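Shown next: my_file.cif, containing mmCIF, C-alpha atoms.
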data_run
loop_
_atom_site.label_atom_id
_atom_site.label_comp_id
_atom_site.auth_asym_id
_atom_site.auth_seq_id
_atom_site.Cartn_x
_atom_site.Cartn_y
_atom_site.Cartn_z
CA MET A 1 11.80 76.20 46.87
CA ASN A 2 10.12 75.55 43.57
CA PRO A 3 6.42 74.84 42.88
CA LYS A 4 7.00 71.07 42.70
CA GLN A 5 8.49 71.07 46.20
CA PHE A 6 5.67 73.33 47.44
CA PHE A 7 3.02 70.91 46.18
CA GLN A 8 4.82 67.82 47.47
CA ILE A 9 5.64 69.16 50.94
CA GLY A 10 2.40 71.12 51.24
CA GLY A 11 0.39 68.10 50.09
CA ILE A 12 1.94 65.86 52.74
CA VAL A 13 1.32 68.48 55.44
CA LEU A 14 -2.31 69.02 54.37
CA VAL A 15 -3.07 65.28 54.26
CA LEU A 16 -1.64 64.92 57.76
CA VAL A 17 -3.51 67.98 59.04
CA GLY A 18 -6.75 66.66 57.53
CA LEU A 19 -6.35 63.18 59.01
CA LEU A 20 -5.22 64.45 62.42
CA GLY A 21 -8.07 66.96 62.41
CA PHE A 22 -10.57 64.13 62.16
CA ILE A 23 -9.06 62.60 65.29
CA GLY A 24 -9.94 65.78 67.19
CA VAL A 25 -13.47 65.89 65.77
CA LEU A 26 -14.06 62.21 66.59
CA GLY A 27 -12.32 62.44 69.98
CA PRO A 28 -13.97 62.00 73.37
CA THR A 29 -15.02 65.66 73.65
CA GLU A 30 -16.27 67.80 70.78
CA GLY A 31 -13.79 70.57 70.14
CA GLN A 32 -10.74 68.72 71.37
CA SER A 33 -7.85 68.86 68.97
CA VAL A 34 -4.56 67.10 68.53
CA PHE A 35 -3.23 70.56 67.61
CA GLY A 36 -4.06 72.08 71.01
CA PRO A 37 -6.87 74.30 72.28
CA LEU A 38 -6.21 77.24 69.93
CA TRP A 39 -6.36 75.29 66.68
CA TRP A 40 -9.42 73.19 65.99
CA PHE A 41 -10.77 72.21 62.57
CA ASP A 42 -14.35 71.20 61.88
CA ASN A 43 -15.27 68.40 59.47
CA ALA A 44 -15.61 70.76 56.50
CA GLU A 45 -12.06 72.03 57.06
CA ASN A 46 -10.71 68.51 57.62
CA TRP A 47 -12.22 67.31 54.34
CA ALA A 48 -10.93 70.42 52.55
CA HIS A 49 -7.42 69.86 53.93
CA LEU A 50 -7.47 66.18 53.01
CA VAL A 51 -8.81 66.65 49.47
CA VAL A 52 -6.60 69.67 48.70
CA GLY A 53 -3.60 67.77 50.10
CA ILE A 54 -4.27 64.78 47.85
CA VAL A 55 -4.70 67.06 44.83
CA ALA A 56 -1.46 68.88 45.74
CA LEU A 57 0.40 65.56 45.85
CA ILE A 58 -0.97 64.60 42.44
CA VAL A 59 0.05 68.00 41.07
CA GLY A 60 3.49 67.74 42.67
CA PHE A 61 4.22 64.30 41.28
CA ALA A 62 2.25 64.11 38.02
CA LEU A 63 1.74 67.59 36.55
CA ALA A 64 4.32 69.15 34.25
CA ALA A 65 6.53 71.86 35.78
CA ASN A 66 5.25 74.50 33.34
CA LEU A 67 1.74 74.01 34.82
CA GLN A 68 2.85 73.83 38.46
CA LYS A 69 4.16 77.40 38.52
CA PRO A 70 0.91 79.20 37.57
CA LEU A 71 -1.09 76.79 39.74
CA ALA A 72 1.10 77.64 42.75
CA ILE A 73 0.39 81.32 42.11
CA VAL A 74 -3.36 80.63 41.99
CA VAL A 75 -3.13 78.63 45.26
CA GLY A 76 -1.24 81.55 46.81
CA VAL A 77 -3.85 84.09 45.81
CA VAL A 78 -6.69 81.86 47.06
CA GLY A 79 -4.88 81.21 50.36
CA ILE A 80 -4.38 84.91 50.97
CA LEU A 81 -7.98 85.69 50.01
CA VAL A 82 -9.29 83.04 52.43
CA GLY A 83 -7.06 84.44 55.18
CA LEU A 84 -8.28 87.98 54.51
CA TRP A 85 -11.89 86.75 54.35
CA SER A 86 -11.63 85.20 57.81
CA LEU A 87 -9.87 88.30 59.15
CA LEU A 88 -12.10 90.99 57.64
CA VAL A 89 -15.43 89.47 56.58
CA SER A 90 -16.56 86.34 58.40
CA THR A 91 -15.34 83.22 60.15
CA LYS A 92 -17.67 81.18 57.92
CA LEU A 93 -16.77 80.22 54.36
CA LEU A 94 -18.52 77.56 52.26
CA GLY A 95 -19.63 75.66 55.36
CA ALA A 96 -16.24 75.77 57.07
CA ASN A 97 -15.74 77.51 60.39
CA LEU A 98 -12.54 79.57 60.09
CA GLU A 99 -11.56 80.13 63.71
CA ASN A 100 -9.49 83.24 64.20
CA PRO A 101 -6.64 83.95 64.63
CA MET A 102 -4.94 80.60 63.88
CA ASP A 103 -6.91 79.79 60.71
CA THR A 104 -6.24 83.28 59.44
CA ILE A 105 -2.52 82.92 60.10
CA LEU A 106 -2.47 79.45 58.51
CA HIS A 107 -4.11 80.64 55.29
CA LEU A 108 -2.02 83.79 55.02
CA VAL A 109 1.24 81.88 55.60
CA VAL A 110 0.35 79.10 53.14
CA GLY A 111 -0.79 81.69 50.60
CA ALA A 112 2.48 83.62 50.93
CA TRP A 113 4.47 80.36 50.73
CA ALA A 114 2.65 79.34 47.53
CA LEU A 115 3.16 82.77 45.96
CA TRP A 116 6.84 82.71 46.89
CA ALA A 117 7.27 79.24 45.38
CA GLY A 118 5.30 80.15 42.26
CA LEU A 119 6.93 83.50 41.61
CA ARG A 120 10.45 82.51 42.63
CA GLY A 121 10.83 78.86 41.74
CA ALA A 122 11.16 77.08 38.42
CA LYS A 123 12.24 80.12 36.45
CA ALA A 124 12.36 79.59 32.74
CA MET A 125 15.83 78.91 31.43
CA PRO A 126 16.94 80.91 28.38
CA PRO A 127 17.14 78.79 25.26
CA ALA A 128 20.52 77.19 24.70
CA ALA A 129 22.72 78.56 21.95
CA PRO A 130 22.85 76.31 18.91
CA PRO A 131 25.92 74.09 18.82
CA LYS A 132 28.85 75.39 16.78
CA PRO A 133 29.97 73.30 13.83
CA MET A 134 33.02 71.20 14.49
CA GLY A 135 36.32 72.86 13.71
CA THR A 136 35.13 76.45 14.41
CA MET A 137 35.96 78.62 17.38
#
Go ahead and render the structure in this file as structure tokens.
Amino acid sequence: MNPKQFFQIGGIVLVLVGLLGFIGVLGPTEGQSVFGPLWWFDNAENWAHLVVGIVALIVGFALAANLQKPLAIVVGVVGILVGLWSLLVSTKLLGANLENPMDTILHLVVGAWALWAGLRGAKAMPPAAPPKPMGTM
């Protein structure tokens, strides 16, 4: 998987998670979730997922490949830091309620996925050798 694929697939998933998360928040009982009882997102998380998903789609379709790779690495580091924050420091971050353990797992997995895509994918190709003049071997 390369960074472009990470941003495109990840963007689609985050937009869906954000939109479906709002269904749970607006549902008949506060705290219900379309993701089940162990995974509930508050409005701050739903907005974050939706906005980050839209930005990821823009990056995946419009940004040059040479910029996608370092951005995927940054996303990976941030994802892992958020996962570690919710595991070791607090379940609150910038107004979002990071429920453990599922939010922690989500952020750690997405962070590792982004790092893998950024560090593995879209490796620079060595420059091509100049063409040989015609008639030479």
Counting only C-alpha atoms, the residue of A:Pro3, A:Gly18, A:Gly111, A:Gly79 that sits nearest Phe61 (chain A): A:Pro3
d(CA of Ile73 (chain A), CA of Phe6 (chain A)) in Å: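 These atoms are spaced 11.0 Å apart.
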Pick from A:Leu115, A:Asn43, A:Val75, A:Leu50, whichever lies nearest to Gly11 (chain A) using only C-alpha atoms: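 Smallest separation from Gly11 (chain A) among the options: A:Leu50.
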9 Å contact set for Gly118 (chain A), all atoms listed in the file, chain neighbours under 3 positions out, as a list in words: Met1, Asn2, Pro3, Phe6, Gln68, Lys69, Pro70, Leu71, Ala72, Ile73, Val74, Gly76, Trp113, Ala114, Leu115, Gly121 and Ala122 of chain A
d(CA of Ile80 (chain A), CA of Phe22 (chain A)) in Å: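 Interatomic distance here is 24.4 Å.
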Reference answer for the PyMOL selection byres ((chain A and resi 57) around 10), as a ChimeraX atom specification: /A:4-12,14-15,51-56,58-63
CA of Val77 (chain A) to CA of Leu93 (chain A), straight-line distance in Å: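 CA of Val77 (chain A) lies at a distance of 16.0 Å from CA of Leu93 (chain A).
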Of the listed residues A:Ile105, A:Ala44, A:Val13, A:Ile23, that which approaches Trp85 (chain A) most closely, counting all atoms listed in the file: A:Ile105
Quick one: what's the axis-aligned box for region 108-115 of chain A, all listed atoms, 5 Å on every side, centre and edges in Å to one decimal, as lines of an AutoDock Vina configuration file?
center_x = 1.2
center_y = 81.4
center_z = 50.8
size_x = 16.5
size_y = 14.7
size_z = 19.6
Nearest residue to Thr104 (chain A) from the set A:Ala64, A:Asn46, A:Arg120, A:Trp39 (distances using all atoms listed in the file):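 Among A:Ala64, A:Asn46, A:Arg120, A:Trp39, it is A:Trp39 that comes nearest to Thr104 (chain A).
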